[in-house]
$ cat upload-v7.tsv   # TSV, C-alpha atoms
chain	number	residue	atom	x	y	z
Y	1	MET	CA	-45.14	-132.27	-157.01
Y	2	SER	CA	-46.61	-135.63	-158.05
Y	3	ILE	CA	-47.84	-138.22	-155.60
Y	4	LEU	CA	-47.96	-141.05	-158.17
Y	5	ASN	CA	-44.69	-142.62	-159.28
Y	6	THR	CA	-43.82	-143.45	-162.89
Y	7	GLY	CA	-44.91	-147.10	-162.64
Y	8	THR	CA	-48.35	-146.17	-161.34
Y	9	LYS	CA	-48.77	-143.51	-164.05
Y	10	LEU	CA	-47.84	-146.09	-166.69
Y	11	GLY	CA	-50.37	-148.55	-165.28
Y	12	VAL	CA	-53.13	-145.93	-165.33
Y	13	LEU	CA	-52.26	-145.03	-168.93
Y	14	VAL	CA	-52.37	-148.70	-169.99
Y	15	ILE	CA	-55.79	-149.14	-168.37
Y	16	ILE	CA	-57.13	-145.98	-170.04
Y	17	PHE	CA	-55.75	-147.21	-173.39
Y	18	LEU	CA	-57.40	-150.62	-172.97
Y	19	VAL	CA	-60.77	-149.09	-172.06
Y	20	LEU	CA	-60.62	-146.70	-175.04
Y	21	ALA	CA	-59.58	-149.52	-177.38
Y	22	LEU	CA	-62.54	-151.62	-176.21
Y	23	LEU	CA	-64.90	-148.68	-176.61
Y	24	GLY	CA	-63.59	-148.05	-180.13
Y	25	TYR	CA	-64.01	-151.70	-181.04
Y	26	ALA	CA	-67.57	-151.71	-179.73
Y	27	LEU	CA	-68.45	-148.55	-181.65
Y	28	PHE	CA	-66.64	-149.05	-184.93
Y	29	GLY	CA	-65.22	-152.58	-185.11
Y	30	ASP	CA	-66.61	-155.78	-186.60
Y	31	ARG	CA	-69.50	-154.05	-188.39
Y	32	GLU	CA	-69.81	-156.83	-190.92
Y	33	THR	CA	-70.46	-159.41	-188.21
Y	34	VAL	CA	-73.28	-157.29	-186.84
Y	35	LYS	CA	-74.88	-156.99	-190.27
Y	36	THR	CA	-74.50	-160.59	-191.41
Y	37	SER	CA	-77.59	-162.71	-191.00
Y	38	PRO	CA	-76.77	-166.05	-189.40
Y	39	LEU	CA	-79.21	-167.60	-191.89
Y	40	VAL	CA	-77.02	-166.85	-194.91
Y	41	GLY	CA	-75.55	-170.09	-196.18
Y	42	LYS	CA	-78.23	-172.19	-194.48
Y	43	ASP	CA	-81.49	-173.77	-195.66
Y	44	ALA	CA	-84.26	-171.19	-195.95
Y	45	PRO	CA	-86.92	-171.77	-193.27
Y	46	GLU	CA	-90.10	-173.29	-194.71
Y	47	PHE	CA	-93.23	-171.13	-194.73
Y	48	THR	CA	-96.75	-171.03	-196.09
Y	49	LEU	CA	-98.21	-167.64	-196.96
Y	50	LYS	CA	-101.85	-166.71	-197.33
Y	51	LEU	CA	-101.86	-164.53	-200.44
Y	52	PHE	CA	-104.03	-161.44	-200.84
Y	53	ASP	CA	-105.83	-163.13	-203.76
Y	54	GLY	CA	-106.90	-165.94	-201.42
Y	55	LYS	CA	-104.43	-168.59	-202.63
Y	56	ARG	CA	-101.64	-170.10	-200.57
Y	57	VAL	CA	-97.99	-170.52	-201.44
Y	58	SER	CA	-95.21	-172.48	-199.74
Y	59	LEU	CA	-91.48	-172.20	-200.15
Y	60	SER	CA	-91.21	-175.93	-200.79
Y	61	GLU	CA	-93.20	-175.41	-204.03
Y	62	MET	CA	-90.36	-173.19	-205.30
Y	63	LYS	CA	-87.66	-175.85	-205.15
Y	64	GLY	CA	-85.40	-175.56	-208.17
Y	65	LYS	CA	-86.13	-171.86	-208.62
Y	66	THR	CA	-84.31	-168.75	-207.45
Y	67	VAL	CA	-86.45	-166.91	-204.92
Y	68	LEU	CA	-86.48	-163.25	-203.94
Y	69	LEU	CA	-88.31	-162.97	-200.63
Y	70	ASN	CA	-89.16	-159.35	-199.85
Y	71	PHE	CA	-90.54	-158.23	-196.45
Y	72	TRP	CA	-92.53	-154.99	-196.57
Y	73	ALA	CA	-95.27	-152.94	-194.90
Y	74	SER	CA	-97.65	-150.31	-196.31
Y	75	TRP	CA	-96.54	-147.69	-193.75
Y	76	CYS	CA	-92.87	-148.13	-194.70
Y	77	MET	CA	-91.55	-145.27	-196.89
Y	78	PRO	CA	-88.42	-147.08	-198.14
Y	79	CYS	CA	-90.75	-149.93	-199.24
Y	80	ARG	CA	-92.57	-147.45	-201.49
Y	81	LEU	CA	-89.20	-146.36	-202.89
Y	82	GLU	CA	-88.24	-149.89	-203.89
Y	83	ALA	CA	-91.68	-150.96	-205.16
Y	84	PRO	CA	-91.15	-149.79	-208.80
Y	85	ALA	CA	-87.77	-151.53	-208.96
Y	86	LEU	CA	-89.30	-154.76	-207.66
Y	87	GLU	CA	-92.10	-154.57	-210.21
Y	88	GLN	CA	-89.72	-153.89	-213.11
Y	89	SER	CA	-87.33	-156.63	-212.05
Y	90	TRP	CA	-90.16	-159.13	-211.63
Y	91	LEU	CA	-91.29	-158.43	-215.21
Y	92	LYS	CA	-87.71	-158.98	-216.32
Y	93	TYR	CA	-87.15	-162.24	-214.42
Y	94	LYS	CA	-90.57	-163.89	-214.28
Y	95	ASP	CA	-89.84	-166.15	-217.26
Y	96	LYS	CA	-86.28	-166.92	-216.14
Y	97	ASN	CA	-86.89	-169.40	-213.32
Y	98	VAL	CA	-86.87	-166.61	-210.75
Y	99	VAL	CA	-89.78	-166.17	-208.33
Y	100	PHE	CA	-90.56	-163.00	-206.41
Y	101	ILE	CA	-92.59	-163.31	-203.20
Y	102	GLY	CA	-93.73	-160.36	-201.08
Y	103	VAL	CA	-94.36	-160.84	-197.35
Y	104	ASN	CA	-96.47	-158.17	-195.69
Y	105	VAL	CA	-95.66	-157.80	-191.97
Y	106	TRP	CA	-96.91	-155.70	-189.02
Y	107	ASP	CA	-99.69	-154.22	-191.10
Y	108	GLU	CA	-103.46	-153.93	-191.62
Y	109	ASN	CA	-104.89	-156.08	-194.42
Y	110	SER	CA	-106.87	-153.18	-195.91
Y	111	SER	CA	-103.78	-150.89	-195.99
Y	112	ALA	CA	-101.70	-153.66	-197.52
Y	113	SER	CA	-104.29	-154.33	-200.25
Y	114	SER	CA	-104.47	-150.61	-201.10
Y	115	TYR	CA	-100.68	-150.49	-201.25
Y	116	ILE	CA	-100.56	-153.38	-203.73
Y	117	GLU	CA	-103.22	-151.73	-205.91
Y	118	LYS	CA	-101.28	-148.46	-205.89
Y	119	PHE	CA	-97.73	-149.73	-206.30
Y	120	GLY	CA	-98.35	-152.82	-208.39
Y	121	GLY	CA	-96.71	-156.13	-207.66
Y	122	GLY	CA	-97.92	-158.78	-210.02
Y	123	TYR	CA	-95.97	-161.40	-208.12
Y	124	PRO	CA	-97.44	-163.35	-205.16
Y	125	GLN	CA	-97.82	-161.25	-202.02
Y	126	GLY	CA	-99.31	-162.34	-198.72
Y	127	ILE	CA	-99.11	-162.67	-194.99
Y	128	ASP	CA	-98.21	-165.40	-192.56
Y	129	PRO	CA	-101.41	-166.01	-190.57
Y	130	GLU	CA	-99.27	-167.34	-187.70
Y	131	GLU	CA	-97.14	-164.15	-187.78
Y	132	GLU	CA	-93.99	-166.24	-187.35
Y	133	ILE	CA	-92.22	-165.85	-190.68
Y	134	GLN	CA	-90.71	-162.48	-189.74
Y	135	VAL	CA	-89.00	-164.01	-186.69
Y	136	ASP	CA	-88.18	-167.25	-188.53
Y	137	TYR	CA	-86.22	-165.11	-190.99
Y	138	GLY	CA	-84.66	-162.85	-188.36
Y	139	ILE	CA	-86.34	-159.71	-189.64
Y	140	GLY	CA	-85.57	-156.52	-187.68
Y	141	GLY	CA	-87.34	-154.00	-189.91
Y	142	VAL	CA	-88.69	-153.38	-193.38
Y	143	PRO	CA	-87.75	-153.52	-196.18
Y	144	GLU	CA	-85.51	-156.55	-195.88
Y	145	THR	CA	-84.98	-159.07	-198.66
Y	146	TYR	CA	-83.63	-162.59	-198.78
Y	147	PHE	CA	-82.24	-164.23	-201.91
Y	148	ILE	CA	-82.63	-168.01	-202.02
Y	149	GLY	CA	-80.86	-170.23	-204.52
Y	150	PRO	CA	-82.51	-173.08	-206.47
Y	151	SER	CA	-81.22	-175.57	-203.87
Y	152	GLY	CA	-83.11	-173.75	-201.11
Y	153	ILE	CA	-79.99	-172.23	-199.53
Y	154	ILE	CA	-80.09	-168.54	-198.54
Y	155	THR	CA	-77.33	-166.83	-200.49
Y	156	ASP	CA	-77.78	-163.21	-199.38
Y	157	LYS	CA	-79.79	-160.83	-197.27
Y	158	TYR	CA	-80.26	-157.19	-198.18
Y	159	ASN	CA	-81.42	-154.58	-195.65
Y	160	GLY	CA	-82.98	-151.43	-197.11
Y	161	PRO	CA	-84.65	-150.35	-200.34
Y	162	LEU	CA	-83.68	-152.28	-203.47
Y	163	THR	CA	-82.85	-150.91	-206.87
Y	164	GLU	CA	-82.93	-152.81	-210.16
Y	165	GLU	CA	-79.12	-152.99	-210.14
Y	166	ILE	CA	-79.04	-154.42	-206.63
Y	167	ILE	CA	-81.71	-156.96	-207.52
Y	168	ASP	CA	-79.76	-158.00	-210.66
Y	169	TYR	CA	-76.60	-158.47	-208.61
Y	170	TYR	CA	-78.12	-160.61	-205.87
Y	171	VAL	CA	-80.50	-162.59	-208.10
Y	172	ASN	CA	-77.57	-163.54	-210.34
Y	173	ARG	CA	-75.53	-164.58	-207.30
Y	174	ALA	CA	-78.42	-166.70	-206.01
Y	175	ALA	CA	-79.02	-168.27	-209.41
Y	176	ALA	CA	-75.33	-168.98	-209.99
Y	177	PRO	CA	-74.09	-172.54	-209.43
Y	178	GLU	CA	-73.09	-173.25	-205.85
Y	179	GLY	CA	-69.54	-172.47	-204.82
Y	180	GLU	CA	-69.66	-168.69	-204.91
Y	181	SER	CA	-69.27	-167.20	-201.46
Y	182	PRO	CA	-72.46	-165.67	-200.08
Y	183	SER	CA	-72.47	-162.38	-198.18
Y	184	THR	CA	-74.75	-159.55	-197.06
Y	185	ASN	CA	-74.88	-155.82	-197.78
Q	1	MET	CA	-129.39	-180.79	-139.59
Q	2	GLN	CA	-130.24	-180.51	-143.26
Q	3	THR	CA	-128.33	-177.19	-143.46
Q	4	ILE	CA	-125.16	-178.72	-142.00
Q	5	GLU	CA	-125.30	-181.57	-144.50
Q	6	ASN	CA	-125.75	-179.10	-147.38
Q	7	ARG	CA	-122.79	-177.09	-146.16
Q	8	ASN	CA	-120.62	-180.20	-146.00
Q	9	ILE	CA	-121.63	-181.18	-149.53
Q	10	ALA	CA	-120.91	-177.66	-150.79
Q	11	ALA	CA	-117.50	-177.65	-149.06
Q	12	ALA	CA	-116.69	-181.03	-150.57
Q	13	ILE	CA	-117.67	-179.84	-154.06
Q	14	LEU	CA	-115.59	-176.66	-153.68
Q	15	THR	CA	-112.59	-178.65	-152.47
Q	16	LEU	CA	-112.97	-181.03	-155.39
Q	17	LEU	CA	-113.20	-178.15	-157.90
Q	18	PHE	CA	-110.17	-176.49	-156.33
Q	19	LEU	CA	-108.16	-179.70	-156.59
Q	20	ILE	CA	-109.26	-180.19	-160.20
Q	21	PHE	CA	-108.36	-176.66	-161.34
Q	22	LEU	CA	-105.27	-176.12	-159.19
Q	23	PRO	CA	-102.83	-177.89	-161.54
Q	24	GLY	CA	-104.17	-175.90	-164.49
Q	25	ILE	CA	-103.82	-172.59	-162.63
Q	26	SER	CA	-100.31	-173.34	-161.41
Q	27	THR	CA	-99.20	-174.55	-164.90
Q	28	ALA	CA	-100.47	-171.35	-166.50
Q	29	GLU	CA	-98.56	-169.29	-163.95
Q	30	SER	CA	-95.38	-171.23	-164.37
Q	31	LEU	CA	-95.59	-170.95	-168.18
Q	32	ASP	CA	-95.98	-167.16	-167.88
Q	33	ASP	CA	-92.96	-167.08	-165.59
Q	34	ARG	CA	-90.92	-169.16	-168.03
Q	35	VAL	CA	-91.94	-166.99	-171.00
Q	36	ASN	CA	-90.99	-163.91	-168.99
Q	37	GLU	CA	-87.68	-165.46	-167.95
Q	38	VAL	CA	-86.67	-166.29	-171.54
Q	39	ALA	CA	-87.93	-162.90	-172.80
Q	40	HIS	CA	-85.67	-161.17	-170.26
Q	41	LEU	CA	-82.66	-163.08	-171.63
Q	42	LEU	CA	-83.22	-161.74	-175.16
Q	43	MET	CA	-82.76	-158.16	-176.37
Q	44	CYS	CA	-85.37	-156.66	-178.66
Q	45	PRO	CA	-83.55	-156.28	-182.04
Q	46	VAL	CA	-85.36	-153.06	-182.97
Q	47	CYS	CA	-85.28	-151.31	-179.57
Q	48	GLN	CA	-82.69	-149.31	-177.66
Q	49	GLY	CA	-81.57	-151.27	-174.62
Q	50	GLN	CA	-84.89	-153.03	-174.00
Q	51	SER	CA	-85.33	-156.74	-173.56
Q	52	VAL	CA	-88.04	-158.68	-175.37
Q	53	ALA	CA	-89.91	-158.77	-172.05
Q	54	GLU	CA	-89.84	-154.98	-171.67
Q	55	SER	CA	-90.57	-153.89	-175.24
Q	56	ASN	CA	-94.02	-153.33	-176.71
Q	57	SER	CA	-92.81	-153.29	-180.32
Q	58	ASN	CA	-94.55	-155.55	-182.83
Q	59	LEU	CA	-91.42	-157.66	-183.18
Q	60	ALA	CA	-91.08	-158.16	-179.42
Q	61	GLN	CA	-94.73	-159.18	-179.24
Q	62	ASP	CA	-94.18	-161.70	-182.05
Q	63	MET	CA	-91.11	-163.00	-180.27
Q	64	ARG	CA	-92.95	-163.43	-176.96
Q	65	GLN	CA	-95.68	-165.34	-178.81
Q	66	ILE	CA	-93.08	-167.66	-180.36
Q	67	ILE	CA	-91.36	-168.18	-176.98
Q	68	ARG	CA	-94.72	-169.18	-175.47
Q	69	LYS	CA	-95.55	-171.51	-178.36
Q	70	GLN	CA	-92.17	-173.25	-178.25
Q	71	LEU	CA	-92.28	-173.69	-174.47
Q	72	GLU	CA	-95.79	-175.11	-174.78
Q	73	GLU	CA	-94.44	-177.55	-177.38
Q	74	GLY	CA	-92.03	-178.78	-174.70
Q	75	LYS	CA	-88.83	-177.11	-175.88
Q	76	SER	CA	-86.29	-176.25	-173.21
Q	77	LYS	CA	-85.24	-172.69	-172.36
Q	78	GLU	CA	-81.88	-173.29	-174.06
Q	79	GLU	CA	-83.54	-174.59	-177.24
Q	80	VAL	CA	-85.77	-171.52	-177.45
Q	81	ILE	CA	-82.80	-169.20	-176.99
Q	82	ALA	CA	-80.82	-171.14	-179.62
Q	83	TYR	CA	-83.72	-170.65	-182.07
Q	84	PHE	CA	-83.40	-166.86	-181.74
Q	85	VAL	CA	-79.58	-166.87	-181.81
Q	86	ASN	CA	-79.70	-168.89	-185.05
Q	87	ARG	CA	-81.81	-166.13	-186.62
Q	88	TYR	CA	-80.51	-162.92	-185.09
Q	89	GLY	CA	-77.00	-163.87	-183.96
Q	90	GLU	CA	-75.47	-163.63	-180.51
Q	91	THR	CA	-76.13	-159.89	-180.37
Q	92	ILE	CA	-79.68	-160.78	-179.38
Q	93	LEU	CA	-78.48	-162.20	-176.05
Q	94	ALA	CA	-78.90	-159.90	-173.06
Q	95	SER	CA	-75.72	-161.41	-171.56
Q	96	PRO	CA	-73.08	-162.12	-174.21
Q	97	PRO	CA	-71.44	-165.54	-173.69
Q	98	PRO	CA	-67.93	-165.20	-172.16
Q	99	ARG	CA	-65.84	-166.27	-175.16
Q	100	GLY	CA	-63.78	-164.52	-177.83
Q	101	VAL	CA	-63.74	-160.75	-177.42
Q	102	ASN	CA	-66.82	-161.01	-175.18
Q	103	TRP	CA	-64.77	-162.25	-172.23
Q	104	LEU	CA	-63.35	-158.72	-171.92
Q	105	LEU	CA	-66.85	-157.52	-171.04
Q	106	TRP	CA	-66.92	-159.98	-168.15
Q	107	VAL	CA	-63.33	-159.47	-166.97
Q	108	LEU	CA	-62.93	-155.69	-167.35
Q	109	PRO	CA	-65.37	-154.64	-164.60
Q	110	GLY	CA	-63.52	-156.90	-162.13
Q	111	LEU	CA	-60.16	-155.58	-163.30
Q	112	ALA	CA	-61.43	-152.01	-163.03
Q	113	ILE	CA	-62.49	-152.63	-159.42
Q	114	VAL	CA	-59.16	-154.33	-158.53
Q	115	PHE	CA	-56.94	-151.75	-160.25
Q	116	GLY	CA	-59.13	-148.85	-159.13
Q	117	GLY	CA	-58.95	-150.09	-155.54
Q	118	LEU	CA	-55.19	-150.54	-155.85
Q	119	GLY	CA	-54.82	-147.05	-157.31
Q	120	ILE	CA	-56.86	-145.47	-154.54
Q	121	GLY	CA	-54.92	-147.51	-151.96
Q	122	ILE	CA	-51.56	-146.42	-153.37
Q	123	TYR	CA	-52.72	-142.81	-153.54
Q	124	LEU	CA	-53.94	-142.81	-149.93
Q	125	TYR	CA	-50.83	-144.61	-148.70
Q	126	LYS	CA	-48.48	-142.20	-150.46
Q	127	SER	CA	-50.34	-139.09	-149.42
Q	128	GLN	CA	-50.40	-140.36	-145.81
Q	129	SER	CA	-46.70	-141.27	-145.76
Q	130	GLY	CA	-45.88	-138.00	-147.54
Q	131	ARG	CA	-47.71	-136.07	-144.83
Q	132	SER	CA	-45.98	-138.15	-142.14
Q	133	SER	CA	-42.53	-137.62	-143.61
Q	134	GLY	CA	-43.31	-133.91	-144.01
Q	135	ASP	CA	-44.34	-133.66	-140.35
Q	136	SER	CA	-41.26	-135.44	-139.09
Q	137	GLY	CA	-39.07	-133.20	-141.26
Q	138	LYS	CA	-40.65	-130.08	-139.82
Q	139	ARG	CA	-40.36	-131.49	-136.31
Q	140	ALA	CA	-36.66	-132.22	-136.90
Q	141	GLU	CA	-36.12	-128.71	-138.23
Q	142	LYS	CA	-37.93	-127.27	-135.24
Q	143	THR	CA	-35.87	-129.40	-132.82
Q	144	ALA	CA	-32.67	-128.33	-134.54
Q	145	ALA	CA	-33.71	-124.66	-134.39
Q	146	ASP	CA	-34.67	-125.06	-130.75
Q	147	SER	CA	-31.32	-126.63	-129.89
Q	148	ASP	CA	-29.44	-123.85	-131.74
Q	149	TYR	CA	-31.48	-121.32	-129.85
Q	150	MET	CA	-30.79	-123.07	-126.54
Q	151	LEU	CA	-27.08	-123.20	-127.33
Q	152	LYS	CA	-27.09	-119.47	-128.00
Q	153	ILE	CA	-28.90	-118.83	-124.70
Q	154	ASP	CA	-26.38	-120.99	-122.88
Q	155	GLU	CA	-23.52	-119.11	-124.47
Q	156	GLU	CA	-25.09	-115.73	-123.54
Q	157	LEU	CA	-25.65	-116.85	-119.96
Q	158	LYS	CA	-22.07	-118.06	-119.64
Q	159	LYS	CA	-20.81	-114.73	-121.00
Q	160	ARG	CA	-22.87	-112.81	-118.44
Q	161	GLU	CA	-21.78	-115.06	-115.60
Q	162	SER	CA	-18.13	-114.64	-116.54
$ encode --input "upload-v7.tsv" --output "structure tokens"
Amino acid sequence: MSILNTGTKLGVLVIIFLVLALLGYALFGDRETVKTSPLVGKDAPEFTLKLFDGKRVSLSEMKGKTVLLNFWASWCMPCRLEAPALEQSWLKYKDKNVVFIGVNVWDENSSASSYIEKFGGGYPQGIDPEEEIQVDYGIGGVPETYFIGPSGIITDKYNGPLTEEIIDYYVNRAAAPEGESPSTN
Amino acid sequence: MQTIENRNIAAAILTLLFLIFLPGISTAESLDDRVNEVAHLLMCPVCQGQSVAESNSNLAQDMRQIIRKQLEEGKSKEEVIAYFVNRYGETILASPPPRGVNWLLWVLPGLAIVFGGLGIGIYLYKSQSGRSSGDSGKRAEKTAADSDYMLKIDEELKKRES
């Protein structure tokens, strides 16, 4: 014997379906939106880094060049994985109007210096003394890498360890004339 | 006499110092409150369910420092929040704005309460009326049985009398 009539049962089923649909959307839907950095397609925020060799470098000095901006830390294992690829790619691109810049975040200076000695990195690497660049660029972890076109517009953001193939792909997209649609991984 | 004069001078100096430093003290407190208020409105991007105010992660500390700096520069609460949304997206907001799919998050709890209440009400009403109708049915059956029984008794009595 059932106390609920057919209409009430139908209503309960519809509500259960709606709740499950919403739960499914929250868990599995719109993943790309979650991953996309709102900064892609916009002007790259200006910064000035204090490099480990004592010099300073600003993004504004790189106008007209393609920039690979890599955020890393010495305690980060995936950063160690991508370090050889970054070094190899820098050697490949350094005379092709492409600049690599490493930004060390949430780290000790001594550990970072040891890391650079061990894993190479002939390109400029430094820290933001104000510790603001990581938030200015919406960084949530390391490694994360931004690709900036010659006009200063962010074309892509890549979360996770890079490989030479990935670097080639995104550097070429950043260096390409404007008009190609930017995206993230 | 000299002691009373000294006390008055000391009290005057203390009052003066209090008045001088009071605005500074109250400003510092209100800035802390404002930093805390904004930090509670933002979720820490690298934490599980913690706001920027609650988290001790490096990123949350950096974010609190930036909130403080921007408020000190005279930016409004909304401008500071917009700065973070422009970098991390709307997922950083502790309370998603009620637009697009987000409005479901605001409407569904209310709907759940309304429909849940209605469901419980219907259930209770039906179970109550079911019990009532069941009772009256039994009572009717009992009355009918009683009347049959009484009829039989009457018939038996009439037979005996005759």
$ interface_residues --input "upload-v7.tsv" --of "chain Y" --to "chain Q" --cutoff "8 Å" --atoms "all atoms listed in the file" --output "list in words"
Ile3, Leu4, Thr8, Val34, Ser37, Pro38, Leu39, Trp106, Glu131, Glu132, Val135, Asp136, Tyr137, Gly138, Gly140 and Gly141 of chain Y
$ axis_aligned_box --input "upload-v7.tsv" --around "segment 132-144 of chain Y" --padding-each-side "3 Å" --output "JSON"
{"center_x": -89.3, "center_y": -160.3, "center_z": -191.4, "size_x": 15.3, "size_y": 19.9, "size_z": 15.5}
$ closest_residue --input "upload-v7.tsv" --among "Y:Leu22, Y:Gln125, Y:Ile139, Y:Ala176" --to "Lys55 of chain Y" --atoms "only C-alpha atoms"
Y:Gln125
$ atom_distance --input "upload-v7.tsv" --atom1 "atom CA of Asn104 of chain Y" --atom2 "atom CA of Lys77 of chain Q"
29.7 Å
$ residues_around --input "upload-v7.tsv" --residues "Glu54 of chain Q" --least-positions-apart "2" --cutoff "9 Å" --atoms "all atoms listed in the file" --output "list in words"
Ala39, His40, Cys44, Gln50, Ser51, Val52, Asn56 and Ala60 of chain Q
$ atom_distance --input "upload-v7.tsv" --atom1 "atom CA of Pro78 of chain Y" --atom2 "atom CA of Ile127 of chain Y"
19.2 Å
$ closest_residue --input "upload-v7.tsv" --among "Y:Glu144, Y:Glu165, Y:Glu108, Y:Asp128" --to "Leu51 of chain Y" --atoms "all atoms listed in the file"
Y:Asp128
$ residues_around --input "upload-v7.tsv" --residues "Gly160 of chain Y" --least-positions-apart "3" --cutoff "10 Å" --atoms "all atoms listed in the file" --output "list of chain:residue names"
Y:Pro78, Y:Cys79, Y:Leu81, Y:Glu82, Y:Gly141, Y:Val142, Y:Pro143, Y:Glu144, Y:Thr145, Y:Lys157, Y:Thr163, Y:Asn185
$ atom_distance --input "upload-v7.tsv" --atom1 "atom CA of Phe71 of chain Y" --atom2 "atom CA of Ile67 of chain Q"
21.9 Å
$ closest_residue --input "upload-v7.tsv" --among "Y:Ser60, Y:Asn5, Y:Thr66, Y:Ser113" --to "Lys96 of chain Y" --atoms "all atoms listed in the file"
Y:Thr66
$ residues_around --input "upload-v7.tsv" --residues "Asp107 of chain Y" --least-positions-apart "4" --cutoff "9 Å" --atoms "all atoms listed in the file" --output "list of chain:residue names"
Y:Ala73, Y:Ser74, Y:Trp75, Y:Ser111, Y:Ala112
$ residues_near_point --input "upload-v7.tsv" --point "(-97.0, -175.4, -200.6)" --cutoff "10 Å" --atoms "only C-alpha atoms" --output "number ranges by chain"
Y: 46-49, 56-62
$ residues_near_point --input "upload-v7.tsv" --point "(-88.1, -172.2, -180.0)" --cutoff "9 Å" --atoms "only C-alpha atoms" --output "list of chain:residue names"
Q:Ile66, Q:Ile67, Q:Arg68, Q:Lys69, Q:Gln70, Q:Leu71, Q:Glu73, Q:Lys75, Q:Ser76, Q:Lys77, Q:Glu78, Q:Glu79, Q:Val80, Q:Ile81, Q:Ala82, Q:Tyr83, Q:Phe84
$ residues_around --input "upload-v7.tsv" --residues "Ala83 of chain Y" --least-positions-apart "5" --cutoff "8 Å" --atoms "all atoms listed in the file" --output "PyMOL selection string"
chain Y and resi 119-121
